[in-house]
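Dumped start-v9.cif below, it's mmCIF, C-alpha atoms:
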data_target
#
loop_
_atom_site.label_atom_id
_atom_site.label_comp_id
_atom_site.auth_asym_id
_atom_site.auth_seq_id
_atom_site.Cartn_x
_atom_site.Cartn_y
_atom_site.Cartn_z
CA MET B 1 132.17 -130.63 -192.63
CA ALA B 2 129.46 -130.26 -195.27
CA ARG B 3 128.39 -133.49 -196.91
CA PRO B 4 128.01 -133.85 -200.70
CA THR B 5 124.52 -133.17 -202.03
CA GLN B 6 124.24 -136.76 -203.26
CA ARG B 7 126.53 -139.72 -202.83
CA ARG B 8 126.58 -143.22 -204.25
CA ILE B 9 126.43 -145.42 -201.16
CA ILE B 10 126.57 -149.20 -201.09
CA ILE B 11 125.45 -151.05 -197.97
CA VAL B 12 126.08 -154.77 -197.61
CA GLY B 13 123.88 -156.34 -194.96
CA ALA B 14 120.83 -154.14 -195.52
CA THR B 15 117.95 -156.60 -195.31
CA SER B 16 117.22 -155.96 -191.62
CA GLY B 17 118.48 -154.39 -188.42
CA ILE B 18 121.16 -151.73 -188.45
CA GLY B 19 121.89 -151.93 -192.18
CA LYS B 20 118.26 -151.47 -193.15
CA GLU B 21 117.84 -148.49 -190.82
CA VAL B 22 120.98 -146.81 -192.16
CA ALA B 23 119.73 -147.34 -195.71
CA GLU B 24 116.46 -145.69 -194.71
CA VAL B 25 118.27 -142.59 -193.42
CA PHE B 26 120.27 -142.24 -196.63
CA ARG B 27 117.17 -142.87 -198.76
CA LYS B 28 115.29 -140.06 -197.06
CA ARG B 29 118.22 -137.72 -197.68
CA GLY B 30 118.18 -138.41 -201.42
CA ASP B 31 121.39 -140.39 -201.82
CA ALA B 32 121.80 -143.03 -204.52
CA LEU B 33 121.84 -146.46 -202.89
CA GLY B 34 123.06 -149.92 -203.73
CA ILE B 35 121.85 -152.33 -201.08
CA ALA B 36 122.76 -155.97 -200.72
CA GLY B 37 122.05 -158.97 -198.53
CA ARG B 38 120.95 -162.58 -198.68
CA ARG B 39 117.18 -162.03 -198.67
CA PHE B 40 116.45 -160.52 -202.07
CA GLU B 41 112.70 -160.11 -201.53
CA ARG B 42 113.35 -157.68 -198.66
CA LEU B 43 115.81 -155.71 -200.79
CA GLU B 44 113.28 -155.51 -203.61
CA ARG B 45 110.59 -154.18 -201.28
CA PHE B 46 112.96 -151.45 -200.16
CA ARG B 47 113.88 -150.61 -203.77
CA GLN B 48 110.23 -149.85 -204.52
CA LEU B 49 110.44 -146.85 -202.17
CA ALA B 50 112.71 -145.02 -204.65
CA PRO B 51 113.31 -147.23 -207.71
CA GLU B 52 114.96 -144.43 -209.70
CA ARG B 53 117.95 -144.26 -207.35
CA ILE B 54 118.10 -147.61 -205.55
CA ARG B 55 119.77 -150.73 -206.94
CA VAL B 56 119.72 -154.11 -205.23
CA LYS B 57 121.78 -157.29 -205.37
CA ALA B 58 121.59 -160.61 -203.53
CA ILE B 59 125.01 -161.10 -201.91
CA ASP B 60 126.12 -163.72 -199.39
CA VAL B 61 129.46 -162.52 -198.05
CA THR B 62 130.55 -166.12 -197.40
CA ALA B 63 130.09 -167.10 -201.07
CA PRO B 64 133.13 -167.17 -203.39
CA ASP B 65 131.35 -164.90 -205.91
CA ALA B 66 130.47 -162.19 -203.36
CA ALA B 67 133.19 -159.78 -204.54
CA ASP B 68 132.11 -160.22 -208.17
CA ARG B 69 128.51 -159.49 -207.24
CA LEU B 70 129.62 -156.38 -205.35
CA ARG B 71 131.41 -155.13 -208.46
CA GLU B 72 128.24 -155.75 -210.48
CA LEU B 73 126.25 -153.67 -208.00
CA ILE B 74 128.80 -150.86 -208.19
CA THR B 75 128.48 -150.83 -211.98
CA GLU B 76 124.68 -150.82 -211.84
CA LEU B 77 124.76 -147.88 -209.41
CA GLY B 78 127.15 -145.96 -211.63
CA GLY B 79 130.03 -146.01 -209.16
CA MET B 80 130.58 -145.92 -205.40
CA ASP B 81 131.59 -143.13 -203.02
CA VAL B 82 130.89 -144.85 -199.69
CA PHE B 83 131.01 -148.55 -198.83
CA LEU B 84 129.34 -149.67 -195.58
CA LEU B 85 129.60 -153.28 -194.39
CA CYS B 86 126.92 -154.27 -191.87
CA SER B 87 126.91 -158.05 -192.41
CA GLY B 88 127.70 -160.13 -189.37
CA VAL B 89 126.60 -162.97 -187.13
CA GLY B 90 127.01 -163.53 -183.43
CA HIS B 91 126.07 -166.12 -180.86
CA GLN B 92 126.77 -166.90 -177.27
CA ASN B 93 128.46 -170.28 -177.38
CA ARG B 94 129.69 -171.43 -174.01
CA PRO B 95 129.42 -175.11 -175.08
CA LEU B 96 131.80 -174.25 -177.95
CA ASP B 97 129.66 -175.83 -180.63
CA PRO B 98 132.17 -176.09 -183.52
CA ARG B 99 129.47 -175.36 -186.11
CA ILE B 100 128.66 -172.01 -184.48
CA GLU B 101 132.31 -171.06 -184.08
CA GLN B 102 133.14 -171.85 -187.70
CA GLU B 103 130.04 -170.11 -189.07
CA THR B 104 130.97 -166.98 -187.15
CA VAL B 105 134.52 -167.03 -188.49
CA GLN B 106 133.31 -167.60 -192.05
CA THR B 107 131.02 -164.56 -191.92
CA ASN B 108 132.82 -162.12 -189.61
CA ALA B 109 136.39 -162.84 -190.72
CA GLU B 110 136.45 -164.51 -194.14
CA GLY B 111 133.38 -162.72 -195.51
CA PHE B 112 134.47 -159.44 -193.95
CA THR B 113 137.89 -159.69 -195.58
CA ARG B 114 136.40 -160.62 -198.95
CA MET B 115 134.12 -157.57 -199.04
CA VAL B 116 136.44 -154.98 -197.53
CA THR B 117 139.33 -155.87 -199.82
CA ALA B 118 137.01 -155.70 -202.84
CA ALA B 119 135.94 -152.19 -201.77
CA TYR B 120 139.57 -151.20 -201.16
CA HIS B 121 140.63 -152.32 -204.64
CA TYR B 122 137.76 -150.39 -206.21
CA PHE B 123 138.61 -147.16 -204.39
CA ALA B 124 142.32 -147.59 -205.13
CA GLN B 125 141.51 -147.65 -208.84
CA ALA B 126 138.87 -144.91 -208.59
CA GLY B 127 141.21 -142.48 -206.85
CA GLY B 128 139.59 -142.49 -203.42
CA GLY B 129 136.52 -143.23 -201.36
CA HIS B 130 135.27 -144.13 -197.91
CA ILE B 131 135.11 -147.59 -196.30
CA ALA B 132 132.96 -147.91 -193.16
CA VAL B 133 132.32 -151.10 -191.20
CA VAL B 134 130.06 -151.97 -188.29
CA SER B 135 132.18 -153.99 -185.88
CA SER B 136 131.47 -154.07 -182.12
CA ILE B 137 132.76 -153.19 -178.68
CA ALA B 138 133.03 -156.98 -178.27
CA GLY B 139 136.36 -156.77 -180.08
CA THR B 140 137.89 -154.95 -177.12
CA LYS B 141 138.40 -158.05 -174.97
CA GLY B 142 137.94 -161.80 -175.33
CA LEU B 143 134.44 -162.67 -174.10
CA GLY B 144 134.15 -166.16 -172.64
CA ALA B 145 130.44 -166.41 -173.50
CA ALA B 146 131.09 -165.64 -177.19
CA PRO B 147 134.66 -166.59 -178.14
CA SER B 148 134.45 -166.52 -181.92
CA TYR B 149 132.28 -163.40 -181.93
CA SER B 150 134.65 -161.30 -179.82
CA ALA B 151 137.70 -162.72 -181.63
CA THR B 152 136.33 -161.91 -185.09
CA LYS B 153 135.28 -158.43 -184.02
CA GLY B 154 138.80 -157.84 -182.74
CA PHE B 155 140.03 -159.10 -186.13
CA GLN B 156 137.83 -156.52 -187.85
CA ASN B 157 139.17 -153.69 -185.69
CA LEU B 158 142.78 -154.61 -186.46
CA TYR B 159 142.13 -155.24 -190.15
CA ILE B 160 140.68 -151.76 -190.66
CA GLU B 161 143.57 -150.28 -188.71
CA ALA B 162 146.01 -152.12 -190.97
CA LEU B 163 144.23 -151.01 -194.15
CA ALA B 164 144.22 -147.39 -192.94
CA GLN B 165 147.99 -147.61 -192.52
CA LEU B 166 148.41 -149.36 -195.88
CA SER B 167 146.34 -146.69 -197.60
CA ARG B 168 148.61 -143.96 -196.26
CA MET B 169 151.75 -145.92 -197.16
CA GLU B 170 150.53 -146.19 -200.74
CA GLY B 171 149.27 -142.61 -200.96
CA ARG B 172 145.64 -143.63 -201.37
CA ARG B 173 142.82 -141.21 -200.68
CA ILE B 174 140.69 -143.75 -198.83
CA ALA B 175 138.98 -142.85 -195.55
CA PHE B 176 138.07 -145.50 -192.96
CA THR B 177 135.42 -145.53 -190.25
CA ASP B 178 135.27 -148.33 -187.68
CA ILE B 179 131.85 -148.20 -185.96
CA ARG B 180 131.66 -150.09 -182.66
CA PRO B 181 128.16 -150.29 -181.17
CA GLY B 182 127.14 -151.87 -177.90
CA PHE B 183 123.98 -153.96 -177.57
CA VAL B 184 121.39 -153.15 -180.25
CA ARG B 185 117.80 -154.37 -180.35
CA THR B 186 118.00 -156.51 -183.50
CA ASP B 187 117.39 -160.13 -184.50
CA LEU B 188 120.98 -160.84 -183.46
CA LEU B 189 119.97 -160.45 -179.80
CA ASP B 190 116.54 -162.03 -180.10
CA ASP B 191 117.52 -165.08 -178.06
CA GLY B 192 115.43 -164.64 -174.91
CA ARG B 193 118.32 -163.32 -172.80
CA GLU B 194 118.32 -160.02 -170.93
CA TYR B 195 120.86 -157.54 -172.29
CA PRO B 196 121.78 -154.28 -170.53
CA LEU B 197 121.78 -150.82 -172.13
CA LEU B 198 119.91 -151.92 -175.26
CA MET B 199 119.78 -149.31 -178.02
CA SER B 200 117.31 -149.08 -180.89
CA PRO B 201 118.45 -149.66 -184.50
CA GLU B 202 117.02 -146.24 -185.43
CA TYR B 203 119.22 -144.52 -182.84
CA ILE B 204 122.29 -146.46 -183.97
CA ALA B 205 121.58 -145.63 -187.62
CA ARG B 206 121.57 -141.90 -186.93
CA LYS B 207 124.88 -142.19 -185.09
CA ILE B 208 126.40 -144.20 -187.94
CA VAL B 209 125.33 -141.69 -190.59
CA HIS B 210 126.74 -138.87 -188.45
CA ALA B 211 130.08 -140.69 -188.19
CA ILE B 212 130.19 -141.35 -191.94
CA ASP B 213 129.29 -137.76 -192.78
CA ARG B 214 132.21 -136.53 -190.68
CA ARG B 215 134.56 -139.31 -191.77
CA LYS B 216 135.33 -140.24 -188.19
CA ARG B 217 138.08 -142.81 -187.99
CA LYS B 218 136.64 -144.71 -185.02
CA VAL B 219 133.46 -144.33 -183.00
CA VAL B 220 131.97 -146.24 -180.06
CA ILE B 221 128.18 -145.99 -179.79
CA ASP B 222 127.16 -144.59 -177.41
CA TRP B 223 128.83 -142.64 -174.55
CA ARG B 224 127.86 -145.29 -171.98
CA TYR B 225 129.65 -147.97 -173.95
CA ALA B 226 132.60 -145.66 -174.57
CA LEU B 227 132.96 -145.37 -170.79
CA LEU B 228 132.61 -149.12 -170.36
CA VAL B 229 135.26 -149.83 -172.99
CA PHE B 230 137.60 -147.33 -171.35
CA PHE B 231 137.49 -149.27 -168.08
CA TRP B 232 137.69 -152.63 -169.85
CA ARG B 233 140.99 -151.59 -171.38
CA LEU B 234 142.38 -150.64 -167.97
CA LEU B 235 141.83 -154.11 -166.53
CA PRO B 236 144.87 -156.40 -166.49
CA GLY B 237 144.40 -159.79 -168.06
CA TRP B 238 144.44 -161.74 -164.80
CA ILE B 239 141.48 -159.73 -163.50
CA TRP B 240 139.55 -159.87 -166.80
CA GLU B 241 139.82 -163.65 -166.95
CA ARG B 242 138.18 -163.93 -163.54
CA LEU B 243 135.14 -161.78 -164.39
CA PRO B 244 131.89 -163.77 -164.84
CA ILE B 245 130.56 -161.86 -167.88
CA HIS B 246 127.56 -163.82 -169.10
CA ASN B 247 125.72 -161.44 -171.49
#

structure tokens encoding of this file:
Amino acid sequence: MARPTQRRIIIVGATSGIGKEVAEVFRKRGDALGIAGRRFERLERFRQLAPERIRVKAIDVTAPDAADRLRELITELGGMDVFLLCSGVGHQNRPLDPRIEQETVQTNAEGFTRMVTAAYHYFAQAGGGHIAVVSSIAGTKGLGAAPSYSATKGFQNLYIEALAQLSRMEGRRIAFTDIRPGFVRTDLLDDGREYPLLMSPEYIARKIVHAIDRRKRKVVIDWRYALLVFFWRLLPGWIWERLPIHN
């Protein structure tokens, strides 16, 4: 499928890691970009690379005004063809620190819902568009080392599935892409632990752009994790609950 010569793409969560690398790929291809995140100074530095076609906005997805600020960014960009949500937090939390669990829910569930529904409403009024989200393979099963993280990622998977069905029920021309990476070498995993099968943000970004270009409904990155997830799903609950998965 040939991609449009230029699209208006908004990326929320573009100050570092995966979001920043995806923005870099789209910038080099000449797309118009609206990038958002909490650290405005990083966004502004990125804007200087192509100020004529990059717009920036400070957005905290957990803030009540986040949807309003997204709409402002859409207006400043002149519209939106693709919405990509990369914002997220994750921690291992075996002690079940309530602060960590609640913070994760606020970002990965409440903030996620706030931004995705705002994008859905925009595309419903605009006559169509493409919503893509970066979730995780962690949503496949409940992970004892990271309860709120795996639970909220599972929430994201199901929420996008529900919106895809809703869109068809209502005759909307909205495409959905649920991107589920494995371990990625970003600040999220900079905690001193050893993680297997680490992938670079640059590699993940190329895979994400490929999936968006082809409007893939769901993609696990990469093939090694796709194989792992396949076997995870085959395990009955009583076996899964006895597995000592630490990282």

- Task: Translate the PyMOL selection byres ((chain B and resi 75) around 12), as applied to the file shown, into an explicit residue set as an MDAnalysis selection string.
- Result: chainID B and resid 8 10 34 55:57 68:74 76:80 122

- Message: as a ChimeraX atom specification, please: the residues near range 15-28 of chain B (cut-off 6 Å, only C-alpha atoms, same-chain neighbours under 4 positions excluded).
- Response: /B:37,42-43,86,186,201-202,205

- Task: To verify the selection step, state as a ChimeraX atom specification which residues the PyMOL selection byres ((chain B and resi 128) around 12) yields on this input.
- Result: /B:79-83,119-127,129-131,167-168,170-176

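For the structure shown here, the set of residues caught by the PyMOL selection byres ((chain B and resi 214-227) around 6) is B:Phe176, B:Thr177, B:Asp178, B:Ile179, B:Arg180, B:Pro181, B:Ala211, B:Ile212, B:Asp213, B:Leu228, B:Val229, B:Phe230.
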
- Using all atoms listed in the file, which residue out of B:Arg45, B:Arg185, B:Arg233, B:Arg39 lies closest to Thr140 in chain B?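 Result for the nearest residue to Thr140 in chain B: B:Arg233.
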
- At what distance in Å, to one decimal, does CA of Gln102 in chain B lie from CA of Gly142 in chain B?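 So the answer is 16.6 Å.
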
- Expressed in Å, the length from CA of Ile137 in chain B to CA of Ile239 in chain B is 18.7 Å

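Take CA of Ala164 in chain B and CA of Thr117 in chain B: the distance between them is 12.0 Å.
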
- For Asp60 in chain B, list every protein, DNA or RNA residue within 12 Å, evaluated using all atoms listed in the file, and leave out those in the same chain fewer than 6 positions away; present the list as a list in words.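 In the requested format, the answer is Val12, Gly13, Ala14, Thr15, Ala36, Gly37, Arg38, Arg39, Phe40, Ala66, Ala67, Asp68, Arg69, Leu70, Ser87, Gly88, Gln106, Thr107, Asn108, Glu110, Gly111, Phe112, Arg114 and Met115 of chain B.
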
- Do a neighbour search on range 149-152 of chain B at 10 Å with all atoms listed in the file, toss out local chain neighbours closer than 4 positions, and write the hits as an MDAnalysis selection string. chainID B and resid 88:93 100:101 104:110 112 135:145 156:158

As lines of an AutoDock Vina configuration file: centre and edge lengths in Å, one decimal, of the axis-aligned box holding range 162-180 of chain B with 3 Å per side:
center_x = 141.7
center_y = -146.7
center_z = -192.0
size_x = 26.1
size_y = 16.9
size_z = 24.7

- Within 8 Å of (118.2, -143.0, -205.1), only C-alpha atoms: residues as a list in words? Arg27, Gly30, Asp31, Ala32, Leu33, Ala50, Pro51, Glu52, Arg53 and Ile54 of chain B
